>>> print(open('input-v5.pdb').read())   # PDB, C-alpha atoms
ATOM      1  CA  ILE A   1       0.000   0.000   0.000
ATOM      2  CA  TYR A   2       2.858   2.389   0.832
ATOM      3  CA  GLY A   3       4.404   1.738  -2.571
ATOM      4  CA  LEU A   4       1.114   2.470  -4.335
ATOM      5  CA  LYS A   5       0.763   5.780  -2.454
ATOM      6  CA  GLN A   6       4.243   6.799  -3.558
ATOM      7  CA  ALA A   7       3.724   5.761  -7.208
ATOM      8  CA  PRO A   8       2.256   9.114  -8.386
ATOM      9  CA  ARG A   9       5.115  11.037  -6.765
ATOM     10  CA  ALA A  10       7.707   8.723  -8.324
ATOM     11  CA  CYS A  11       6.024   9.059 -11.740
ATOM     12  CA  PHE A  12       6.011  12.856 -11.515
ATOM     13  CA  ASP A  13       9.647  12.916 -10.400
ATOM     14  CA  LYS A  14      10.557  10.813 -13.445
ATOM     15  CA  LEU A  15       8.642  13.184 -15.726
ATOM     16  CA  LYS A  16      10.189  16.249 -14.099
ATOM     17  CA  THR A  17      13.716  14.839 -14.436
ATOM     18  CA  THR A  18      13.088  14.112 -18.122
ATOM     19  CA  LEU A  19      11.731  17.609 -18.830
ATOM     20  CA  LEU A  20      14.615  19.263 -17.002
ATOM     21  CA  SER A  21      17.047  17.236 -19.124
ATOM     22  CA  LEU A  22      15.325  18.690 -22.205
ATOM     23  CA  LYS A  23      16.137  22.224 -20.928
ATOM     24  CA  PHE A  24      12.695  22.895 -19.478
ATOM     25  CA  SER A  25      12.478  24.848 -16.239
ATOM     26  CA  SER A  26       9.992  24.098 -13.486
ATOM     27  CA  SER A  27       7.695  26.969 -12.577
ATOM     28  CA  LYS A  28       7.975  28.325  -9.044
ATOM     29  CA  CYS A  29       4.369  29.526  -9.174
ATOM     30  CA  ASP A  30       2.856  26.214 -10.300
ATOM     31  CA  PRO A  31       4.794  22.929  -9.824
ATOM     32  CA  SER A  32       2.837  21.275 -12.656
ATOM     33  CA  LEU A  33       3.931  23.918 -15.211
ATOM     34  CA  PHE A  34       7.157  23.601 -17.230
ATOM     35  CA  VAL A  35       8.600  26.302 -19.499
ATOM     36  CA  PHE A  36      11.078  25.953 -22.364
ATOM     37  CA  SER A  37      12.642  29.146 -23.692
ATOM     38  CA  GLU A  38      15.329  29.380 -26.344
ATOM     39  CA  ASN A  39      16.002  32.449 -28.482
ATOM     40  CA  SER A  40      12.514  33.648 -29.419
ATOM     41  CA  SER A  41      10.857  30.219 -29.109
ATOM     42  CA  VAL A  42       8.719  29.371 -26.072
ATOM     43  CA  VAL A  43       6.969  26.106 -25.203
ATOM     44  CA  TYR A  44       4.719  25.451 -22.207
ATOM     45  CA  ILE A  45       3.743  22.058 -20.789
ATOM     46  CA  LEU A  46       1.003  21.821 -18.168
ATOM     47  CA  VAL A  47       0.696  18.424 -16.424
ATOM     48  CA  TYR A  48      -2.369  16.964 -14.717
ATOM     49  CA  VAL A  49      -1.707  13.359 -13.590
ATOM     50  CA  ASP A  50      -1.158  11.675 -16.998
ATOM     51  CA  ASP A  51      -2.699  14.423 -19.168
ATOM     52  CA  PHE A  52      -0.441  17.006 -20.840
ATOM     53  CA  ILE A  53      -1.352  20.307 -22.456
ATOM     54  CA  ILE A  54       1.461  21.452 -24.740
ATOM     55  CA  THR A  55       1.515  24.801 -26.502
ATOM     56  CA  GLY A  56       4.008  27.330 -27.803
ATOM     57  CA  ASN A  57       4.948  29.610 -30.685
ATOM     58  CA  ASN A  58       7.111  27.099 -32.626
ATOM     59  CA  ILE A  59       5.271  24.083 -34.075
ATOM     60  CA  LYS A  60       8.441  22.309 -35.257
ATOM     61  CA  LEU A  61       9.998  22.639 -31.821
ATOM     62  CA  ILE A  62       6.843  21.281 -30.173
ATOM     63  CA  HIS A  63       6.854  18.197 -32.450
ATOM     64  CA  SER A  64      10.551  17.657 -31.722
ATOM     65  CA  LEU A  65      10.007  17.826 -27.954
ATOM     66  CA  VAL A  66       7.007  15.491 -28.170
ATOM     67  CA  SER A  67       9.115  12.961 -30.092
ATOM     68  CA  GLN A  68      11.814  13.112 -27.426
ATOM     69  CA  LEU A  69       9.221  12.619 -24.682
ATOM     70  CA  ASN A  70       7.697   9.730 -26.618
ATOM     71  CA  SER A  71      11.059   7.947 -26.550
ATOM     72  CA  VAL A  72      10.846   7.878 -22.733
ATOM     73  CA  PHE A  73       7.099   7.661 -22.127
ATOM     74  CA  SER A  74       4.287   6.106 -24.141
ATOM     75  CA  LEU A  75       2.405   9.141 -25.441
ATOM     76  CA  LYS A  76      -0.750   9.474 -27.491
ATOM     77  CA  ASP A  77      -1.224  12.717 -29.413
ATOM     78  CA  LEU A  78      -4.915  13.660 -29.274
ATOM     79  CA  GLY A  79      -4.491  16.687 -31.540
ATOM     80  CA  ASP A  80      -5.841  20.151 -30.821
ATOM     81  CA  LEU A  81      -7.242  20.626 -27.333
ATOM     82  CA  ASP A  82     -11.030  20.296 -27.378
ATOM     83  CA  TYR A  83     -11.963  18.562 -24.100
ATOM     84  CA  LEU A  84     -10.161  18.215 -20.774
ATOM     85  CA  LEU A  85     -11.466  17.397 -17.283
ATOM     86  CA  GLY A  86     -15.054  18.234 -18.215
ATOM     87  CA  ILE A  87     -14.122  21.521 -19.910
ATOM     88  CA  GLU A  88     -14.899  21.923 -23.610
ATOM     89  CA  VAL A  89     -12.632  24.158 -25.722
ATOM     90  CA  LYS A  90     -14.027  25.742 -28.897
ATOM     91  CA  ARG A  91     -12.034  27.827 -31.379
ATOM     92  CA  HIS A  92     -13.341  30.743 -33.418
ATOM     93  CA  LYS A  93     -11.994  32.079 -36.700
ATOM     94  CA  ASP A  94     -10.763  35.283 -35.039
ATOM     95  CA  GLY A  95      -8.363  33.240 -32.881
ATOM     96  CA  SER A  96     -10.409  33.423 -29.697
ATOM     97  CA  LEU A  97     -11.150  30.438 -27.452
ATOM     98  CA  VAL A  98     -14.403  29.667 -25.624
ATOM     99  CA  LEU A  99     -14.415  27.383 -22.582
ATOM    100  CA  THR A 100     -17.719  25.743 -21.644
ATOM    101  CA  GLN A 101     -18.943  22.903 -19.428
ATOM    102  CA  SER A 102     -22.122  22.073 -21.301
ATOM    103  CA  LYS A 103     -21.839  18.288 -20.963
ATOM    104  CA  TYR A 104     -20.860  18.525 -17.299
ATOM    105  CA  ILE A 105     -23.875  20.732 -16.538
ATOM    106  CA  ARG A 106     -26.251  18.468 -18.488
ATOM    107  CA  ASP A 107     -24.974  15.452 -16.544
ATOM    108  CA  LEU A 108     -25.521  17.360 -13.313
ATOM    109  CA  LEU A 109     -29.073  18.236 -14.324
ATOM    110  CA  ALA A 110     -29.761  14.586 -15.209
ATOM    111  CA  LYS A 111     -28.383  13.451 -11.842
ATOM    112  CA  THR A 112     -30.835  15.712 -10.003
ATOM    113  CA  LYS A 113     -33.678  14.906 -12.458
ATOM    114  CA  MET A 114     -33.927  18.558 -13.422
ATOM    115  CA  ASP A 115     -33.116  18.242 -17.119
ATOM    116  CA  GLU A 116     -36.738  19.193 -17.903
ATOM    117  CA  ALA A 117     -36.969  22.002 -15.327
ATOM    118  CA  ASN A 118     -38.051  25.492 -16.308
ATOM    119  CA  PRO A 119     -35.064  27.869 -16.567
ATOM    120  CA  ILE A 120     -34.812  31.137 -14.651
ATOM    121  CA  SER A 121     -32.845  34.318 -15.406
ATOM    122  CA  SER A 122     -30.743  34.602 -12.228
ATOM    123  CA  PRO A 123     -28.843  32.070 -10.076
ATOM    124  CA  MET A 124     -30.157  33.659  -6.851
ATOM    125  CA  ILE A 125     -32.990  36.004  -5.960
ATOM    126  CA  GLY A 126     -31.754  39.497  -5.136
ATOM    127  CA  GLY A 127     -31.645  40.165  -1.390
ATOM    128  CA  CYS A 128     -31.914  36.466  -0.505
ATOM    129  CA  LYS A 129     -30.491  35.832   2.991
ATOM    130  CA  LEU A 130     -29.772  32.206   3.872
ATOM    131  CA  THR A 131     -29.679  31.149   7.519
ATOM    132  CA  LYS A 132     -29.089  28.010   9.564
ATOM    133  CA  PHE A 133     -32.472  28.359  11.251
ATOM    134  CA  GLY A 134     -36.127  28.698  10.325
ATOM    135  CA  SER A 135     -36.480  25.752   7.926
ATOM    136  CA  GLU A 136     -36.766  21.965   8.165
ATOM    137  CA  ASP A 137     -33.685  19.828   7.638
ATOM    138  CA  PHE A 138     -33.244  18.471   4.125
ATOM    139  CA  SER A 139     -34.052  14.759   3.899
ATOM    140  CA  ASP A 140     -30.944  13.778   1.892
ATOM    141  CA  PRO A 141     -27.872  15.719   3.110
ATOM    142  CA  THR A 142     -25.529  13.454   1.107
ATOM    143  CA  LEU A 143     -27.223  14.514  -2.142
ATOM    144  CA  TYR A 144     -26.997  18.152  -1.101
ATOM    145  CA  ARG A 145     -23.262  17.918  -0.426
ATOM    146  CA  SER A 146     -22.691  16.086  -3.702
ATOM    147  CA  ILE A 147     -24.544  18.647  -5.826
ATOM    148  CA  ALA A 148     -23.140  21.689  -3.996
ATOM    149  CA  GLY A 149     -19.607  20.330  -4.453
ATOM    150  CA  ALA A 150     -20.284  19.672  -8.143
ATOM    151  CA  LEU A 151     -21.514  23.248  -8.570
ATOM    152  CA  GLN A 152     -18.172  24.489  -7.239
ATOM    153  CA  TYR A 153     -16.446  22.813 -10.194
ATOM    154  CA  ALA A 154     -18.970  24.388 -12.577
ATOM    155  CA  THR A 155     -17.802  27.859 -11.505
ATOM    156  CA  ILE A 156     -14.576  27.255 -13.495
ATOM    157  CA  THR A 157     -16.336  28.539 -16.595
ATOM    158  CA  ARG A 158     -19.364  30.178 -14.929
ATOM    159  CA  PRO A 159     -17.993  32.951 -12.690
ATOM    160  CA  GLU A 160     -21.402  34.613 -12.348
ATOM    161  CA  THR A 161     -22.540  31.713 -10.135
ATOM    162  CA  SER A 162     -19.607  32.027  -7.692
ATOM    163  CA  PHE A 163     -21.479  34.116  -5.106
ATOM    164  CA  SER A 164     -24.576  31.909  -4.980
ATOM    165  CA  VAL A 165     -22.529  28.681  -4.952
ATOM    166  CA  ASN A 166     -20.379  30.066  -2.132
ATOM    167  CA  LYS A 167     -23.544  30.717  -0.120
ATOM    168  CA  VAL A 168     -25.052  27.242  -0.473
ATOM    169  CA  CYS A 169     -21.696  25.602   0.317
ATOM    170  CA  GLN A 170     -21.715  27.236   3.759
ATOM    171  CA  PHE A 171     -24.448  24.874   4.919
ATOM    172  CA  MET A 172     -22.882  21.503   4.068
ATOM    173  CA  SER A 173     -22.995  20.275   7.682
ATOM    174  CA  ARG A 174     -26.746  20.752   8.089
ATOM    175  CA  PRO A 175     -28.644  21.653   4.918
ATOM    176  CA  SER A 176     -32.285  22.654   5.113
ATOM    177  CA  GLU A 177     -35.156  22.649   2.646
ATOM    178  CA  GLN A 178     -34.565  26.372   2.018
ATOM    179  CA  HIS A 179     -30.940  25.689   1.124
ATOM    180  CA  TRP A 180     -31.962  22.902  -1.271
ATOM    181  CA  MET A 181     -34.450  25.216  -2.986
ATOM    182  CA  THR A 182     -31.600  27.685  -3.527
ATOM    183  CA  VAL A 183     -29.454  24.912  -5.047
ATOM    184  CA  LYS A 184     -32.314  24.014  -7.375
ATOM    185  CA  GLY A 185     -32.544  27.679  -8.365
ATOM    186  CA  ILE A 186     -28.871  27.627  -9.412
ATOM    187  CA  LEU A 187     -29.492  24.454 -11.427
ATOM    188  CA  ARG A 188     -32.509  26.017 -13.145
ATOM    189  CA  TYR A 189     -30.371  29.030 -14.067
ATOM    190  CA  LEU A 190     -27.683  26.736 -15.513
ATOM    191  CA  LYS A 191     -30.418  24.881 -17.432
ATOM    192  CA  GLY A 192     -31.262  28.049 -19.357
ATOM    193  CA  THR A 193     -27.636  29.055 -19.918
ATOM    194  CA  VAL A 194     -26.036  25.657 -20.503
ATOM    195  CA  SER A 195     -24.084  26.865 -23.556
ATOM    196  CA  TRP A 196     -22.550  29.897 -21.831
ATOM    197  CA  GLY A 197     -18.842  29.992 -21.026
ATOM    198  CA  LEU A 198     -15.660  32.030 -20.868
ATOM    199  CA  GLN A 199     -14.181  33.673 -23.963
ATOM    200  CA  PHE A 200     -10.455  34.407 -24.305
ATOM    201  CA  GLN A 201      -9.312  36.767 -27.041
ATOM    202  CA  ALA A 202      -5.856  36.802 -28.584
ATOM    203  CA  ALA A 203      -3.312  39.381 -27.476
ATOM    204  CA  PRO A 204      -2.881  42.476 -29.673
ATOM    205  CA  LEU A 205       0.358  42.443 -31.640
ATOM    206  CA  ARG A 206       3.277  44.268 -29.987
ATOM    207  CA  HIS A 207       1.052  45.637 -27.236
ATOM    208  CA  PRO A 208       1.164  44.293 -23.669
ATOM    209  CA  PHE A 209      -2.064  43.225 -22.058
ATOM    210  CA  SER A 210      -3.497  45.512 -19.392
ATOM    211  CA  LEU A 211      -3.857  43.832 -15.998
ATOM    212  CA  HIS A 212      -6.643  45.243 -13.873
ATOM    213  CA  ALA A 213      -8.525  43.864 -10.889
ATOM    214  CA  TYR A 214     -11.835  44.692  -9.217
ATOM    215  CA  CYS A 215     -12.679  43.945  -5.589
ATOM    216  CA  ASP A 216     -15.875  44.365  -3.605
ATOM    217  CA  ALA A 217     -17.474  43.200  -0.377
ATOM    218  CA  ASP A 218     -20.985  42.441   0.846
ATOM    219  CA  TRP A 219     -20.910  43.761   4.408
ATOM    220  CA  ALA A 220     -22.357  41.502   7.150
ATOM    221  CA  SER A 221     -24.159  39.393   4.552
ATOM    222  CA  ASP A 222     -24.238  36.328   6.831
ATOM    223  CA  VAL A 223     -27.231  36.802   9.119
ATOM    224  CA  ASP A 224     -25.966  34.143  11.552
ATOM    225  CA  ASP A 225     -22.434  35.356  12.369
ATOM    226  CA  ARG A 226     -22.417  38.794  10.639
ATOM    227  CA  ARG A 227     -19.388  37.988   8.516
ATOM    228  CA  SER A 228     -18.912  39.747   5.198
ATOM    229  CA  THR A 229     -18.286  38.234   1.770
ATOM    230  CA  SER A 230     -15.381  39.345  -0.425
ATOM    231  CA  GLY A 231     -15.617  39.222  -4.192
ATOM    232  CA  ALA A 232     -12.968  39.813  -6.829
ATOM    233  CA  ALA A 233     -12.399  39.647 -10.582
ATOM    234  CA  ILE A 234      -9.053  39.980 -12.364
ATOM    235  CA  PHE A 235      -8.845  40.778 -16.082
ATOM    236  CA  LEU A 236      -5.962  40.405 -18.498
ATOM    237  CA  GLY A 237      -7.054  42.757 -21.241
ATOM    238  CA  PRO A 238     -10.673  41.790 -21.962
ATOM    239  CA  ASN A 239     -10.180  38.264 -20.566
ATOM    240  CA  LEU A 240     -11.375  37.244 -17.116
ATOM    241  CA  ILE A 241      -8.590  35.051 -15.697
ATOM    242  CA  SER A 242      -9.267  34.863 -11.945
ATOM    243  CA  TRP A 243     -12.265  35.428  -9.675
ATOM    244  CA  TRP A 244     -13.720  34.324  -6.364
ATOM    245  CA  SER A 245     -16.375  34.858  -3.723
ATOM    246  CA  LYS A 246     -15.162  34.121  -0.175
ATOM    247  CA  THR A 247     -16.438  34.606   3.343
ATOM    248  CA  GLN A 248     -14.110  36.822   5.369
ATOM    249  CA  SER A 249     -12.398  35.176   8.330
ATOM    250  CA  VAL A 250     -13.273  37.935  10.808
ATOM    251  CA  VAL A 251     -16.281  40.131  11.521
ATOM    252  CA  ALA A 252     -15.888  43.583   9.945
ATOM    253  CA  ARG A 253     -17.128  46.499  12.043
ATOM    254  CA  SER A 254     -18.097  48.620   9.045
ATOM    255  CA  SER A 255     -18.569  48.458   5.310
ATOM    256  CA  THR A 256     -15.283  50.344   4.952
ATOM    257  CA  GLU A 257     -13.420  47.663   6.863
ATOM    258  CA  ALA A 258     -15.115  44.891   4.867
ATOM    259  CA  GLU A 259     -14.038  46.530   1.616
ATOM    260  CA  TYR A 260     -10.537  47.199   2.971
ATOM    261  CA  ARG A 261     -10.057  43.538   3.937
ATOM    262  CA  SER A 262     -10.927  42.434   0.394
ATOM    263  CA  MET A 263      -8.045  44.480  -1.045
ATOM    264  CA  PRO A 264      -5.137  42.434   0.451
ATOM    265  CA  LEU A 265      -6.698  39.255  -0.973
ATOM    266  CA  ILE A 266      -6.777  40.590  -4.509
ATOM    267  CA  THR A 267      -3.321  42.185  -4.117
ATOM    268  CA  GLU A 268      -1.920  38.793  -3.149
ATOM    269  CA  GLU A 269      -3.488  37.162  -6.214
ATOM    270  CA  VAL A 270      -2.282  39.916  -8.573
ATOM    271  CA  THR A 271       1.268  39.569  -7.202
ATOM    272  CA  TRP A 272       1.176  35.825  -7.872
ATOM    273  CA  ILE A 273      -0.134  36.409 -11.415
ATOM    274  CA  GLN A 274       2.693  38.860 -12.089
ATOM    275  CA  SER A 275       5.234  36.241 -11.003
ATOM    276  CA  LEU A 276       3.585  33.665 -13.253
ATOM    277  CA  PHE A 277       3.601  36.028 -16.237
ATOM    278  CA  SER A 278       7.301  36.750 -15.768
ATOM    279  CA  GLU A 279       7.979  32.998 -15.996
ATOM    280  CA  LEU A 280       5.734  32.670 -19.054
ATOM    281  CA  GLN A 281       7.362  35.763 -20.605
ATOM    282  CA  VAL A 282       3.977  37.419 -21.069
ATOM    283  CA  ALA A 283       4.138  41.205 -21.352
ATOM    284  CA  HIS A 284       1.609  43.133 -19.281
ATOM    285  CA  THR A 285       1.114  46.609 -17.923
ATOM    286  CA  ILE A 286       1.454  47.681 -14.289
ATOM    287  CA  PRO A 287      -1.583  46.205 -12.511
ATOM    288  CA  LEU A 288      -4.440  48.439 -11.448
ATOM    289  CA  ILE A 289      -6.616  47.478  -8.456
ATOM    290  CA  LEU A 290     -10.049  49.104  -8.357
ATOM    291  CA  CYS A 291     -12.388  49.500  -5.385
ATOM    292  CA  ASP A 292     -15.691  51.390  -5.390
ATOM    293  CA  ASN A 293     -15.688  52.413  -1.714
ATOM    294  CA  THR A 294     -14.450  56.004  -1.249
ATOM    295  CA  SER A 295     -13.621  55.543   2.443
ATOM    296  CA  THR A 296     -11.592  52.426   1.705
ATOM    297  CA  VAL A 297      -9.588  54.196  -1.003
ATOM    298  CA  SER A 298      -8.885  57.088   1.390
ATOM    299  CA  LEU A 299      -7.805  54.637   4.097
ATOM    300  CA  ALA A 300      -5.393  52.966   1.676
ATOM    301  CA  HIS A 301      -3.880  56.271   0.510
ATOM    302  CA  ASN A 302      -3.672  58.254   3.752
ATOM    303  CA  PRO A 303      -1.659  56.649   6.609
ATOM    304  CA  VAL A 304      -3.099  59.165   9.103
ATOM    305  CA  LEU A 305      -6.474  57.480   8.822
ATOM    306  CA  HIS A 306      -4.959  54.202  10.042
ATOM    307  CA  SER A 307      -5.238  55.466  13.599
ATOM    308  CA  ARG A 308      -8.981  54.966  13.273
ATOM    309  CA  ALA A 309      -8.516  51.286  12.478
ATOM    310  CA  LYS A 310      -5.975  50.143  15.045
ATOM    311  CA  HIS A 311      -7.433  46.635  15.170
ATOM    312  CA  MET A 312      -6.458  46.126  11.495
ATOM    313  CA  GLU A 313      -2.775  45.442  10.990
TER
END
>>> encode(input="input-v5.pdb", output="structure tokens")
Amino acid sequence: IYGLKQAPRACFDKLKTTLLSLKFSSSKCDPSLFVFSENSSVVYILVYVDDFIITGNNIKLIHSLVSQLNSVFSLKDLGDLDYLLGIEVKRHKDGSLVLTQSKYIRDLLAKTKMDEANPISSPMIGGCKLTKFGSEDFSDPTLYRSIAGALQYATITRPETSFSVNKVCQFMSRPSEQHWMTVKGILRYLKGTVSWGLQFQAAPLRHPFSLHAYCDADWASDVDDRRSTSGAAIFLGPNLISWWSKTQSVVARSSTEAEYRSMPLITEEVTWIQSLFSELQVAHTIPLILCDNTSTVSLAHNPVLHSRAKHME
């Protein structure tokens, strides 16, 4: 059993040693990413267990590297990327890519017997406040946890559902009928938008992408413990590349503090993205972080105001 547990690590170490011998470098930001750079040619290899995504700007070099890898490992070239881990990749004539999870969502709807449900226009009703109390316990908590966890994976290409999915996942330990109705609402929304996804446009020639990030907070949105929810979206040019909706770890005393606490989270993510781009040799502008709370912006710019928030380090 111990040997079987160590097998994946040994396999990855063998792969890593082989790639390093081919002059690849291992990314410090993502251990499963390997970068080859020589003159003006760049090749990237992203590894997930035994699946590889290989791309670059030199087709002949890519074929040469694949042949060298095939001499060590038994590889099967599946051609252009069109499906991976439940994510469908579609190419347009203008060079853009569209990522969808249509099949994954349809399977999820079939599992819950909602493939014939009537669609709705929003994943959650505006102003909806979920609570641990006031509703009967759901009869099948295992089903609830399974579907709520599956919806988390669906947010990979459906960022607009992140807030509502984050809310229903807060009640995994003891779901109620009200929580299940909210989950069904998310599924009905996905039913009507099953073909929607993320679009990525090609970079403009000789112009670096602009990197800008938006952060926000929903102050004291949890009616049980009064914690706030942070939300963020990071764009590379017109492309959404990172986003989240998370419950803050502490109780904010004001909307200003809730907004202020969301800014370090997005700053941390932007710093990591900058490090990743430097490894990938992707040109980008100086990042811009945007917040719509005037008091929070003043607090970030004027150190004198920090005396009014001594409990925030």
>>> closest_residue(input="input-v5.pdb", among="A:Leu130, A:Leu46, A:Met124, A:Leu78", to="Thr161 (chain A)", atoms="only C-alpha atoms")
A:Met124
>>> closest_residue(input="input-v5.pdb", among="A:Val72, A:Ile105, A:Ile286, A:Ala213", to="Gly192 (chain A)", atoms="only C-alpha atoms")
A:Ile105
>>> closest_residue(input="input-v5.pdb", among="A:Ala7, A:Leu97, A:Val35, A:Leu187", to="Lys23 (chain A)", atoms="all atoms listed in the file")
A:Val35
>>> closest_residue(input="input-v5.pdb", among="A:Trp219, A:Tyr214, A:Phe24, A:Trp180", to="Phe36 (chain A)", atoms="all atoms listed in the file")
A:Phe24
>>> closest_atom_pairs(input="input-v5.pdb", of="region 47-101 of chain A", to="region 140-154 of chain A", cutoff="10 Å", atoms="only C-alpha atoms", output="JSON lines")
{"residue": "A:Gly86", "atom": "CA", "partner": "A:Ala154", "partner_atom": "CA", "distance": 9.2}
{"residue": "A:Ile87", "atom": "CA", "partner": "A:Ala154", "partner_atom": "CA", "distance": 9.2}
{"residue": "A:Thr100", "atom": "CA", "partner": "A:Ala154", "partner_atom": "CA", "distance": 9.3}
{"residue": "A:Gln101", "atom": "CA", "partner": "A:Ala154", "partner_atom": "CA", "distance": 7.0}
>>> atom_distance(input="input-v5.pdb", atom1="CA of Lys132 (chain A)", atom2="CA of Asp115 (chain A)")
28.7 Å
>>> closest_residue(input="input-v5.pdb", among="A:Ser230, A:Thr296, A:Leu69, A:Gln178", to="Lys14 (chain A)", atoms="only C-alpha atoms")
A:Leu69
>>> atom_distance(input="input-v5.pdb", atom1="CA of Leu276 (chain A)", atom2="CA of Ser25 (chain A)")
12.9 Å
>>> atom_distance(input="input-v5.pdb", atom1="CA of Ile53 (chain A)", atom2="CA of Val270 (chain A)")
24.0 Å
>>> resolve_selection(input="input-v5.pdb", expression="the PyMOL selection byres ((chain A and resi 258) around 12)", output="PyMOL selection string")
chain A and resi 215-221+226-231+246-257+259-265+291+293+295-296+309+312
>>> axis_aligned_box(input="input-v5.pdb", around="region 280-292 of chain A", padding_each_side="6 Å", output="AutoDock Vina command-line options")
--center_x -4.2 --center_y 42.0 --center_z -13.4 --size_x 35.1 --size_y 30.7 --size_z 28.0
>>> resolve_selection(input="input-v5.pdb", expression="the PyMOL selection byres ((chain A and resi 54-60) around 9)", output="list in words")
Ser40, Ser41, Val42, Val43, Tyr44, Ile45, Leu46, Val47, Phe52, Ile53, Leu61, Ile62, His63, Ser64, Leu65 and Val66 of chain A
>>> closest_residue(input="input-v5.pdb", among="A:Ser21, A:Ser245, A:Ser96, A:Asn302", to="Ile266 (chain A)", atoms="all atoms listed in the file")
A:Ser245
>>> resolve_selection(input="input-v5.pdb", expression="the PyMOL selection byres ((chain A and resi 285) around 9)", output="ChimeraX atom specification")
/A:208-212,283-284,286-288
>>> residues_near_point(input="input-v5.pdb", point="(-28.2, 21.2, 7.5)", cutoff="9 Å", atoms="all atoms listed in the file", output="list in words")
Lys132, Glu136, Asp137, Phe138, Pro141, Phe171, Met172, Ser173, Arg174, Pro175, Ser176, Glu177 and His179 of chain A
>>> residues_around(input="input-v5.pdb", residues="His92 (chain A)", least_positions_apart="3", cutoff="12 Å", atoms="only C-alpha atoms", output="list in words")
Val89, Gly95, Ser96, Leu97, Val98, Leu99, Gln199, Phe200, Gln201 and Ala202 of chain A
>>> residues_around(input="input-v5.pdb", residues="Met114 (chain A)", least_positions_apart="3", cutoff="8 Å", atoms="all atoms listed in the file", output="list in words")
Leu109, Ala110, Lys111, Ala117, Leu187 and Arg188 of chain A
>>> write_last_selection(input="input-v5.pdb", atoms="C-alpha atoms", output="PDB file, in the frame of the given file")
ATOM      1  CA  LEU A 109     -29.073  18.236 -14.324  1.00  0.00           C
ATOM      2  CA  ALA A 110     -29.761  14.586 -15.209  1.00  0.00           C
ATOM      3  CA  LYS A 111     -28.383  13.451 -11.842  1.00  0.00           C
ATOM      4  CA  ALA A 117     -36.969  22.002 -15.327  1.00  0.00           C
ATOM      5  CA  LEU A 187     -29.492  24.454 -11.427  1.00  0.00           C
ATOM      6  CA  ARG A 188     -32.509  26.017 -13.145  1.00  0.00           C
TER       7      ARG A 188
END
